[in-house]
Number of protein chains: 2
Amino acid sequence: MHIERPAGGPVSYKDAGVNIDAATGALAAIKEHARSTFGDSGAAPIGHFGGMYQLPGGPDRLLVASADGIGTKLKLAFVTGGEAHYRVGADLVNHCANDILACGARPLFFLDYVAMGVLDPGALERLVAGMAAACRDNGLALIGGETAEMPGMYADGEYDAAGFIVGIVAPDKVIDGSAIAAGDRLIGIPSVGLHTNGYSLARRIVGLTGDRATDIALLAQPLPGDDVSIGAALLREHPTWVPVVLPLVERGLIRGIAHITGGGLIDNVPRMLPDHLAARFDPASWNAPPIFHWLVERGQMEISEQYRALNMGIGMVLAVASSDETAVLDAIPGARLIGEVVERAPDGPATLGLDTPPRFDGLE
Amino acid sequence: MHIERPAGGPVSYKDAGVNIDAATGALAAIKEHARSTFGDSGAAPIGHFGGMYQLPGGPDRLLVASADGIGTKLKLAFVTGGEAHYRVGADLVNHCANDILACGARPLFFLDYVAMGVLDPGALERLVAGMAAACRDNGLALIGGETAEMPGMYADGEYDAAGFIVGIVAPDKVIDGSAIAAGDRLIGIPSVGLHTNGYSLARRIVGLTGDRATDIALLAQPLPGDDVSIGAALLREHPTWVPVVLPLVERGLIRGIAHITGGGLIDNVPRMLPDHLAARFDPASWNAPPIFHWLVERGQMEISEQYRALNMGIGMVLAVASSDETAVLDAIPGARLIGEVVERAPDGPATLGLDTPPRFDGLE
């Protein structure tokens with residue numbers, strides 16, 4: 001069970017009212033509760049990008065499932081309305097699809113949960129339209145869902161949405177990072193924006209007030225170096241990499257996959273690495289979209305916070321054998337060599353080199 | 001996709017701010033969006049108690065999945081706190097398990113989504129403990145989940161939670177009601193309370209104020225005819241019927257299953273019936289717990305509203321051949337013969353006989 005990291009930035013976690021020690025304690029208790037249900041069910045421990053389940057009496061295949069939300073990117077959609085609902089619907093599906101792709105799984109089906117105080121049919125329809133479009137992009141069947149009206153739970157015009165995905169993987173194609181070795185290459189797939197993480201921080205940096213007219217004006221400001229507004233840059237859709245990466249998985253070219261979500265490169269890349277290995281990055285090797293430059297400058301974000309709260313231009317990291325580097329780079333538009341796998345020093349950090357920002361698009 | 005019915009009662013839907021026509025339009029659009037994702041995936045239309053998915057290249061088995069929430073029963077848990085968090089965690093799992101049981105499916109695994117404004121580790125731990133206990137009762141592995149902190153989305157001390165379940169069924173054991181015939185018996189399994197539906201209505205009838213001390217006192221009032229308080233009666237756990245009903249499904253004794261959730265007997269029993277059949281109930285044949293009497297009297301609920309907003313003492317309805325009636329009644333503690341299946345008149349109602357309340361426990 002992944003506890004989504006609260007966005008930090010110039011405000012510390014403690015300032016934001018979050019007690020990390022308490023959260024860590026609850027997380028440990030939750031993992032114990034979850035393990036108590038496994039029995040001989042073929043379920044795999046929680047903590048990877050997706051939970052695994054071996055079908056009983058079935059073929060030699062594993063199901064991989066994941067649950068996720070959209071986070072406070074929703075708050076931006078509530079301000080701008082219209083097609084933003086469609087975009088966050090697509091975000092939800094693509095986030096889930098990338099999570100199970102990180103285990104090597106092919107997406108099969110998706111269900112949603114949407115909760116509103118009072119049903120807003122227009123917003124709901126656009127939200128589900130975005131989910132359905134992204135489901136088609138990922139080969140997912142949208143087979144069900146729940147729309148709950150909960151008077152008094154959500155403010156007018158607001159809602160929450162969660163997605164549930166199930167995929168399948170052949171046991172010999174499971175990506176769990178165990179094949180990664182020192183010397184392997186780290187290939188970065190570019191992000192188009194924040195995707196679905198860092199929005200509480202971004203909202204604070206933009207200075208949203210809660211007054212809709214004011215907030216619409218704040219989001220309509222032009223973004224230096226980009227051809228869209230700050231709001232449009234923040235609402236860019238989380239892309240799916242299933243269509244480009246899954247064929248490489250099935251060809252056996254991929255040893256590890258990290259989906260860069262809450263926790264950034266610092267927390268997510270080590271999730272794919274065996275304990276004795278570390279990732280050494282060269283931030284000069286990639287460019288991040290202008291929105292990142294705007295946020296880190298205006299938010300005066302420390303470098304470690306940049307790489308933890310934001311994806312900083314990298315949406316997914318693949319670990320590949322050096323002999324497969326070219327084949328993988330050629331197959332994925334925009335992909336870059338961004339680092340390599342090295343032996344990890346005893347008690348040393350699992351990520352190295354994240355001491356400077358990447359280059360930023362739109363800057364001279 | 002099931003749009004949960006808002007509770008009605010003495011306040012009409014329109015008074016509650018719900019535009020049913022608009023909701024129906026959105027629902028139709030949503031179904032079209034969902035169908036656009038099916039392709040040749042083996043997905044079955046949405047609208048049954050669970051969505052179905054035929055595994056590709058797999059064994060001759062179907063997966064059945066469902067998503068659900070807890071609804072505004074959560075608001076009662078926020079007032080009373082403590083073990084109420086555990087109870088609503090169990091409610092969520094058992095509701096989902098009963099939904100896919102209604103398709104004849106055996107539960108396999110479960111994932112949760114929990115969203116809070118600021119993480120409350122104690123409430124979260126009790127909530128997940130309740131989920132895990134119910135997972136064990138249903139043979140479910142809790143393989144994952146997401147806990148999201150969304151500052152500004154939820155009031156202090158509040159959260160929302162959604163559950164996602166996947167089960168499996170052999171194609172020749174799918175329960176879809178197509179085997180139901182006129183003359184079949186309707187067996188009712190007793191409810192222990194409202195389970196997970198009707199809580200917006202119940203909160204209004206109890207007269208909750210939003211002031212916690214006042215609301216605690218209101219919920220602590222003794223419930224006439226019961227040995228617990230009104231709050232405790234309202235927070236009774238939604239039971240699972242998987243352990244008692246699934247063996248009967250696997251013996252081929254069950255032709256139809258309706259899980260009585262939002263919409264009550266009036267909306268849910270027709271969901272299992274072929275269009276040409278109707279259900280004729282004899283409300284004098286079963287007893288409902290005292291909380292129902294208290295709610296319908298104090299809320300001056302019309303009879304049609306009673307059977308739509310509340311389960312009125314019946315948690316699940318099974319359709320069985322008359323020759324199997326005794327075997328099924330003997331196998332399920334507390335089960336009663338509550339009606340029978342009849343031919344439906346052209347353009348006639350799909351439920352008959354729901355013109356009087358059931359008997360109530362605790363009354364002379």
# chains A, B, ... in the order shown; residues from 1 in each chain; ligands from 1

call {"tool": "select_by_dssp", "arguments": {"residues": "stretch 199-348 of chain B", "states": "alpha helix (DSSP H)", "output": "PyMOL selection string"}}
result
chain B and resi 199-206+212-219+230-234+242-250+264-272+290-298+303-309+325-331

call {"tool": "write_last_selection", "arguments": {"atoms": "C-alpha atoms", "output": "mmCIF file, in the first residue's frame"}}
result
data_model
loop_
_atom_site.group_PDB
_atom_site.id
_atom_site.type_symbol
_atom_site.label_atom_id
_atom_site.label_comp_id
_atom_site.auth_asym_id
_atom_site.auth_seq_id
_atom_site.Cartn_x
_atom_site.Cartn_y
_atom_site.Cartn_z
ATOM 1 C CA TYR B 199 -27.665 6.745 5.592
ATOM 2 C CA SER B 200 -28.256 10.249 4.271
ATOM 3 C CA LEU B 201 -31.906 9.664 5.052
ATOM 4 C CA ALA B 202 -31.164 8.082 8.430
ATOM 5 C CA ARG B 203 -28.910 10.973 9.446
ATOM 6 C CA ARG B 204 -31.684 13.403 8.639
ATOM 7 C CA ILE B 205 -34.244 11.386 10.615
ATOM 8 C CA VAL B 206 -31.905 11.097 13.613
ATOM 9 C CA ARG B 212 -20.065 16.389 17.579
ATOM 10 C CA ALA B 213 -21.082 16.427 21.256
ATOM 11 C CA THR B 214 -24.736 16.884 20.336
ATOM 12 C CA ASP B 215 -24.562 14.168 17.699
ATOM 13 C CA ILE B 216 -22.870 11.715 20.066
ATOM 14 C CA ALA B 217 -25.742 12.233 22.501
ATOM 15 C CA LEU B 218 -28.339 11.779 19.755
ATOM 16 C CA LEU B 219 -26.743 8.510 18.654
ATOM 17 C CA ILE B 230 -29.516 4.055 17.819
ATOM 18 C CA GLY B 231 -25.912 4.724 16.808
ATOM 19 C CA ALA B 232 -24.821 1.151 17.452
ATOM 20 C CA ALA B 233 -27.817 -0.201 15.534
ATOM 21 C CA LEU B 234 -27.004 2.051 12.582
ATOM 22 C CA VAL B 242 -20.189 -15.629 0.638
ATOM 23 C CA PRO B 243 -19.452 -18.437 3.133
ATOM 24 C CA VAL B 244 -23.069 -19.655 3.228
ATOM 25 C CA VAL B 245 -24.295 -18.889 -0.307
ATOM 26 C CA LEU B 246 -21.291 -19.719 -2.485
ATOM 27 C CA PRO B 247 -21.421 -23.461 -1.659
ATOM 28 C CA LEU B 248 -25.083 -23.466 -2.747
ATOM 29 C CA VAL B 249 -24.132 -21.719 -6.002
ATOM 30 C CA GLU B 250 -21.475 -24.332 -6.618
ATOM 31 C CA GLY B 264 -33.994 -1.597 -1.946
ATOM 32 C CA LEU B 265 -36.125 -4.592 -2.895
ATOM 33 C CA ILE B 266 -37.972 -2.495 -5.491
ATOM 34 C CA ASP B 267 -34.908 -1.733 -7.621
ATOM 35 C CA ASN B 268 -32.578 -4.638 -6.900
ATOM 36 C CA VAL B 269 -34.753 -7.731 -7.236
ATOM 37 C CA PRO B 270 -35.775 -6.827 -10.834
ATOM 38 C CA ARG B 271 -32.065 -6.600 -11.700
ATOM 39 C CA MET B 272 -31.877 -10.410 -11.411
ATOM 40 C CA PRO B 290 -36.181 -2.512 15.278
ATOM 41 C CA ILE B 291 -34.110 0.247 13.678
ATOM 42 C CA PHE B 292 -36.319 0.052 10.589
ATOM 43 C CA HIS B 293 -39.483 0.565 12.630
ATOM 44 C CA TRP B 294 -37.895 3.536 14.397
ATOM 45 C CA LEU B 295 -36.839 5.122 11.082
ATOM 46 C CA VAL B 296 -40.093 4.634 9.167
ATOM 47 C CA GLU B 297 -42.206 5.868 12.104
ATOM 48 C CA ARG B 298 -40.076 8.844 12.991
ATOM 49 C CA ILE B 303 -44.388 2.620 1.994
ATOM 50 C CA SER B 304 -42.817 2.876 -1.469
ATOM 51 C CA GLU B 305 -40.011 4.963 -0.011
ATOM 52 C CA GLN B 306 -39.405 2.386 2.726
ATOM 53 C CA TYR B 307 -38.798 -0.350 0.176
ATOM 54 C CA ARG B 308 -36.663 1.847 -2.055
ATOM 55 C CA ALA B 309 -34.450 3.740 0.405
ATOM 56 C CA GLU B 325 -36.497 -24.500 -1.362
ATOM 57 C CA THR B 326 -35.993 -26.690 1.679
ATOM 58 C CA ALA B 327 -32.340 -27.422 0.978
ATOM 59 C CA VAL B 328 -31.567 -23.726 0.639
ATOM 60 C CA LEU B 329 -33.593 -22.671 3.681
ATOM 61 C CA ASP B 330 -31.862 -25.330 5.769
ATOM 62 C CA ALA B 331 -28.412 -24.201 4.685
#

call {"tool": "residues_around", "arguments": {"residues": "B:Leu111", "least_positions_apart": "6", "cutoff": "7 Å", "atoms": "only C-alpha atoms", "output": "VMD selection string"}}
result
(chain A and resid 67) or (chain B and resid 142 to 145 163 to 165)

call {"tool": "residues_around", "arguments": {"residues": "stretch 261-263 of chain B", "least_positions_apart": "4", "cutoff": "12 Å", "atoms": "only C-alpha atoms", "output": "PyMOL selection string"}}
result
(chain A and resi 146-149) or (chain B and resi 2-9+49+68-71+94-96+98-99+102+191+193-201+238+267-271+304-317)

call {"tool": "atom_distance", "arguments": {"atom1": "atom CA of B:Pro283", "atom2": "atom CA of B:Pro357"}}
result
6.2 Å

call {"tool": "closest_residue", "arguments": {"among": "A:Trp241, A:Trp286, A:Phe281, A:Phe110", "to": "A:Arg359", "atoms": "only C-alpha atoms"}}
result
A:Trp286

call {"tool": "residues_around", "arguments": {"residues": "B:Ala141", "least_positions_apart": "6", "cutoff": "7 Å", "atoms": "only C-alpha atoms", "output": "list in words"}}
result
Thr37, Phe38, Ser41 and Ala43 of chain A; Leu108, Phe109, Phe110 and Cys135 of chain B

call {"tool": "write_last_selection", "arguments": {"atoms": "all heavy atoms", "output": "PDB file, in the first residue's frame"}}
result
ATOM      1  N   THR A  37      -4.052 -11.493   5.201  1.00  0.00           N
ATOM      2  CA  THR A  37      -5.088 -11.987   4.282  1.00  0.00           C
ATOM      3  C   THR A  37      -4.528 -12.886   3.194  1.00  0.00           C
ATOM      4  O   THR A  37      -5.294 -13.419   2.395  1.00  0.00           O
ATOM      5  CB  THR A  37      -5.807 -10.812   3.572  1.00  0.00           C
ATOM      6  OG1 THR A  37      -4.885 -10.176   2.664  1.00  0.00           O
ATOM      7  CG2 THR A  37      -6.318  -9.782   4.569  1.00  0.00           C
ATOM      8  N   PHE A  38      -3.204 -13.037   3.137  1.00  0.00           N
ATOM      9  CA  PHE A  38      -2.642 -13.700   1.957  1.00  0.00           C
ATOM     10  C   PHE A  38      -2.867 -15.216   1.951  1.00  0.00           C
ATOM     11  O   PHE A  38      -3.172 -15.789   0.923  1.00  0.00           O
ATOM     12  CB  PHE A  38      -1.152 -13.395   1.818  1.00  0.00           C
ATOM     13  CG  PHE A  38      -0.853 -11.992   1.354  1.00  0.00           C
ATOM     14  CD1 PHE A  38       0.447 -11.558   1.233  1.00  0.00           C
ATOM     15  CD2 PHE A  38      -1.866 -11.105   1.040  1.00  0.00           C
ATOM     16  CE1 PHE A  38       0.737 -10.268   0.802  1.00  0.00           C
ATOM     17  CE2 PHE A  38      -1.606  -9.809   0.619  1.00  0.00           C
ATOM     18  CZ  PHE A  38      -0.289  -9.398   0.501  1.00  0.00           C
ATOM     19  N   SER A  41      -2.853 -17.856  -1.076  1.00  0.00           N
ATOM     20  CA  SER A  41      -3.610 -17.352  -2.222  1.00  0.00           C
ATOM     21  C   SER A  41      -2.740 -17.015  -3.416  1.00  0.00           C
ATOM     22  O   SER A  41      -3.250 -16.710  -4.481  1.00  0.00           O
ATOM     23  CB  SER A  41      -4.379 -16.091  -1.823  1.00  0.00           C
ATOM     24  OG  SER A  41      -3.471 -15.038  -1.540  1.00  0.00           O
ATOM     25  N   ALA A  43      -0.850 -14.380  -3.455  1.00  0.00           N
ATOM     26  CA  ALA A  43      -0.704 -12.926  -3.469  1.00  0.00           C
ATOM     27  C   ALA A  43       0.731 -12.570  -3.114  1.00  0.00           C
ATOM     28  O   ALA A  43       1.364 -13.257  -2.317  1.00  0.00           O
ATOM     29  CB  ALA A  43      -1.666 -12.294  -2.477  1.00  0.00           C
TER      30      ALA A  43
ATOM     31  N   LEU B 108     -11.532 -13.287  -5.032  1.00  0.00           N
ATOM     32  CA  LEU B 108     -10.099 -13.575  -5.098  1.00  0.00           C
ATOM     33  C   LEU B 108      -9.275 -12.501  -4.387  1.00  0.00           C
ATOM     34  O   LEU B 108      -8.551 -12.795  -3.456  1.00  0.00           O
ATOM     35  CB  LEU B 108      -9.629 -13.658  -6.558  1.00  0.00           C
ATOM     36  CG  LEU B 108     -10.197 -14.774  -7.427  1.00  0.00           C
ATOM     37  CD1 LEU B 108      -9.647 -14.641  -8.848  1.00  0.00           C
ATOM     38  CD2 LEU B 108      -9.851 -16.144  -6.857  1.00  0.00           C
ATOM     39  N   PHE B 109      -9.376 -11.266  -4.853  1.00  0.00           N
ATOM     40  CA  PHE B 109      -8.552 -10.225  -4.223  1.00  0.00           C
ATOM     41  C   PHE B 109      -9.257  -8.882  -4.185  1.00  0.00           C
ATOM     42  O   PHE B 109     -10.262  -8.669  -4.866  1.00  0.00           O
ATOM     43  CB  PHE B 109      -7.175 -10.120  -4.879  1.00  0.00           C
ATOM     44  CG  PHE B 109      -7.149  -9.752  -6.327  1.00  0.00           C
ATOM     45  CD1 PHE B 109      -7.178  -8.429  -6.725  1.00  0.00           C
ATOM     46  CD2 PHE B 109      -7.067 -10.742  -7.307  1.00  0.00           C
ATOM     47  CE1 PHE B 109      -7.127  -8.085  -8.070  1.00  0.00           C
ATOM     48  CE2 PHE B 109      -7.023 -10.398  -8.661  1.00  0.00           C
ATOM     49  CZ  PHE B 109      -7.051  -9.068  -9.040  1.00  0.00           C
ATOM     50  N   PHE B 110      -8.694  -8.004  -3.352  1.00  0.00           N
ATOM     51  CA  PHE B 110      -9.318  -6.725  -3.014  1.00  0.00           C
ATOM     52  C   PHE B 110      -8.244  -5.651  -2.958  1.00  0.00           C
ATOM     53  O   PHE B 110      -7.109  -5.914  -2.556  1.00  0.00           O
ATOM     54  CB  PHE B 110      -9.994  -6.873  -1.645  1.00  0.00           C
ATOM     55  CG  PHE B 110     -10.818  -5.682  -1.199  1.00  0.00           C
ATOM     56  CD1 PHE B 110     -12.143  -5.555  -1.587  1.00  0.00           C
ATOM     57  CD2 PHE B 110     -10.269  -4.708  -0.375  1.00  0.00           C
ATOM     58  CE1 PHE B 110     -12.909  -4.470  -1.174  1.00  0.00           C
ATOM     59  CE2 PHE B 110     -11.031  -3.618   0.042  1.00  0.00           C
ATOM     60  CZ  PHE B 110     -12.353  -3.507  -0.360  1.00  0.00           C
ATOM     61  N   CYS B 135     -11.694  -9.322   4.647  1.00  0.00           N
ATOM     62  CA  CYS B 135     -11.042 -10.047   3.551  1.00  0.00           C
ATOM     63  C   CYS B 135     -10.811 -11.504   3.947  1.00  0.00           C
ATOM     64  O   CYS B 135     -11.079 -12.422   3.160  1.00  0.00           O
ATOM     65  CB  CYS B 135      -9.723  -9.370   3.173  1.00  0.00           C
ATOM     66  SG  CYS B 135      -9.917  -7.917   2.089  1.00  0.00           S
TER      67      CYS B 135
END
